[in-house]
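A short worksheet on the structure shown next.
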Amino acid sequence: MTPENARGLLNAYVDGELDAASTMELESQIRESPALQQEFERLSALQGLVRNRASRFDAPSHLADRVFAALPEARPAGTLKTVPGWWRPLAIGATMAALALLFWSVVPTLNRLDSDAGPREEVLAAHVRSLMADHLTDLTSAERHTVKPWLSSRLDFAPPVEDLASEGFALVGGRLDYFGGRQVAALVYRYRQHIINVFVWPSTKNREVSVQTWALRGYNIARFDSRGMSFWAVSDLNPGDLQKLANLLQRAAQ
Amino acid sequence: MLESKRARFESSVSPHLAAAYNLARWLTHNAHDAEDVVQEAMLRAFTFFDGFRGSDARSWVLKIVRNTCSTWLDVNRPRDVVATDIDQLSETLPSTCSGSTDDPETVALRKTEAYQVDEAIASISATFREVIVLREIEGLSYKEIANVIDAPIGTVMSRLARARSEIRRALVRATDPGNRRGTG
């Protein structure tokens with residue numbers, strides 16, 4: 001990797017889009033070159049500034065109504081006249097019943113990982129397993145620019161990785177896990193003597209869900225959805241501090 | 001059939017209207033035009049919806065919004081792609097940042113970091129602005145951005161690099177009073 005190449009890859013690096021091998025090579029170059037180090041810091045600072053300060057313009061509340069009202073008519077005029085009037089409520093009723101049946105039979109399978117309480121047991125099991133099997137992390141690193149690309153290159157999604165050491169939650173590393181029928185990212189944090197697993201996977205909800213917490217067999221669980229991802233934090237940490245971590249992660253993800 | 005197409009369309013597209021509007025707003029610089037563009041884009045999207053088989057509805061929606069914006073800008077603001085006139089652009093900056101002119105609070109507000117960042121992003125050309133908005137505000141991956149702008153990932157990377165260096169230059173210009181009227 002020439003210095004010019006390295007400079008060119010810095011953008012991909014701060015974006016967490018560099019593959020693991022190039023990441024390691026670039027990181028060693030950054031350590032050796034003060035100029036590259038400075039460039040990396042400037043780029044990270046700029047990225048942070050833009051991410052945190054740039055406006056996201058809110059759509060006016062009437063936009064959806066306006067957009068969908070402008071779509072072509074639902075049915076070509078005249079079609080309804082061929083159907084006897086008494087038949088329509090029956091048809092609507094039958095459709096709704098069919099939809100309800102479909103919803104009841106299909107959606108629970110599709111959304112197993114997205115139902116609010118569903119994966120609590122699986123989340124807890126994965127946490128306990130990670131502690132028992134002495135296999136806490138696949139990649140041990142406190143550097144989020146290392147953990148994030150490592151995970152992204154092995155998953156079909158890019159989990160947000162935050163360094164919250166300044167708040168007492170030290171990033172220990174990352175791990176791949178599998179439950180509920182799909183791959184999930186596990187981020188491992190340490191808070192004093194407590195290990196926290198934060199499981200992340202893509203949500204199908206596409207909306208913000210604020211932090212909820214549960215206690216389950218002596219462990220605490222906190223979850224929220226942000227930016228199309230579901231986050232589940234689990235630990236033997238007290239519920240207040242776990243909720244604090246969840247709030248910090250949610251704020252960082254937004 | 002049309003009824004169910006409509007329902008499927010609404011449920012696929014609704015979650016991405018906010019992103020669609022934000023992109024259109026950044027590209028047109030204007031709330032009213034952004035609404036028009038989003039509406040036109042969604043009409044187009046509805047027409048093409050039968051051909052949409054992908055799983056990534058967000059990229060698909062943003063791609064159509066982006067192309068609609070591009071056509072719209074060609075017609076309505078042929079010079080926008082090279083616009084660099086900060087004074088002219090500041091009239092169309094976010095409403096939360098502008099306001100009545102002499103109010104000292106507003107003057108202070110205009111100097112905030114957020115305002116400068118918005119102004120810097122608004123000052124770069126649409127080609128570079130769109131990748132920054134998609135990456136930093138909407139959080140799209142390189143692959144998703146490549147899909148939206150219909151370009152290779154290498155192009156996404158080089159445009160982001162160029163966009164960031166231009167934003168940095170604009171920020172330096174804005175924070176250095178001696179340079180404020182510079183030619184850059």
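Just remember, in the structure tokens the first chain shown is A, the second B, etc., residues are 1-based per chain, and ligands are 1-based in the order shown.
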- request: May I ask you to extract the residues of chain B within 7 Å of chain A, using only C-alpha atoms, and to give them as number ranges by chain?
  value: B: 2-3, 15, 18, 21-22, 39, 42-43, 114, 117-118, 136-137, 157, 161
task: Could you give me, as a count of residues only, the residues within 8 Å of range 49-66 of chain B, counting only C-alpha atoms and dropping anything in the same chain fewer than 4 positions from it?
output: 20
- prompt: Residues at most 9 Å from range 229-235 of chain A, counting only C-alpha atoms, excluding those fewer than 6 positions away in the same chain, as number ranges by chain?
  reply: A: 113-114, 120, 123-124, 127, 159-160, 194-206, 209, 219-223, 242-243, 245-246, 249-250
query: Where in range 94-235 of chain A does DSSP assign strand (DSSP E or B), given as a count of residues only?
result: 56
Selected residue of minimal separation from Gly181 in chain A among A:Pro34, A:Gly93, A:Pro119, A:Gly168, counting only C-alpha atoms: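 Looking only at the distances to Gly181 in chain A, the closest residue turns out to be A:Pro119.
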query: Skipping near chain neighbours, those fewer than 4 positions away, what residues fall within 9 Å of Thr140 in chain A using only C-alpha atoms, listed as a list in words?
result: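 The residues satisfying every condition are Leu136, Val147, Leu171, Val172, Gly173, Gly174 and Arg175 of chain A.
In this structure, CA of Arg31 in chain A sits 28.0 Å away from CA of Ala185 in chain A.
Shell of range 176-179 of chain A at 8 Å, with only C-alpha atoms counted and residues fewer than 2 places along the chain excluded, is Glu122, Ala126, Asp138, Leu151, Gly174, Gly181, Arg182, Gln183, Val184, Ala185 and Ala186 of chain A.
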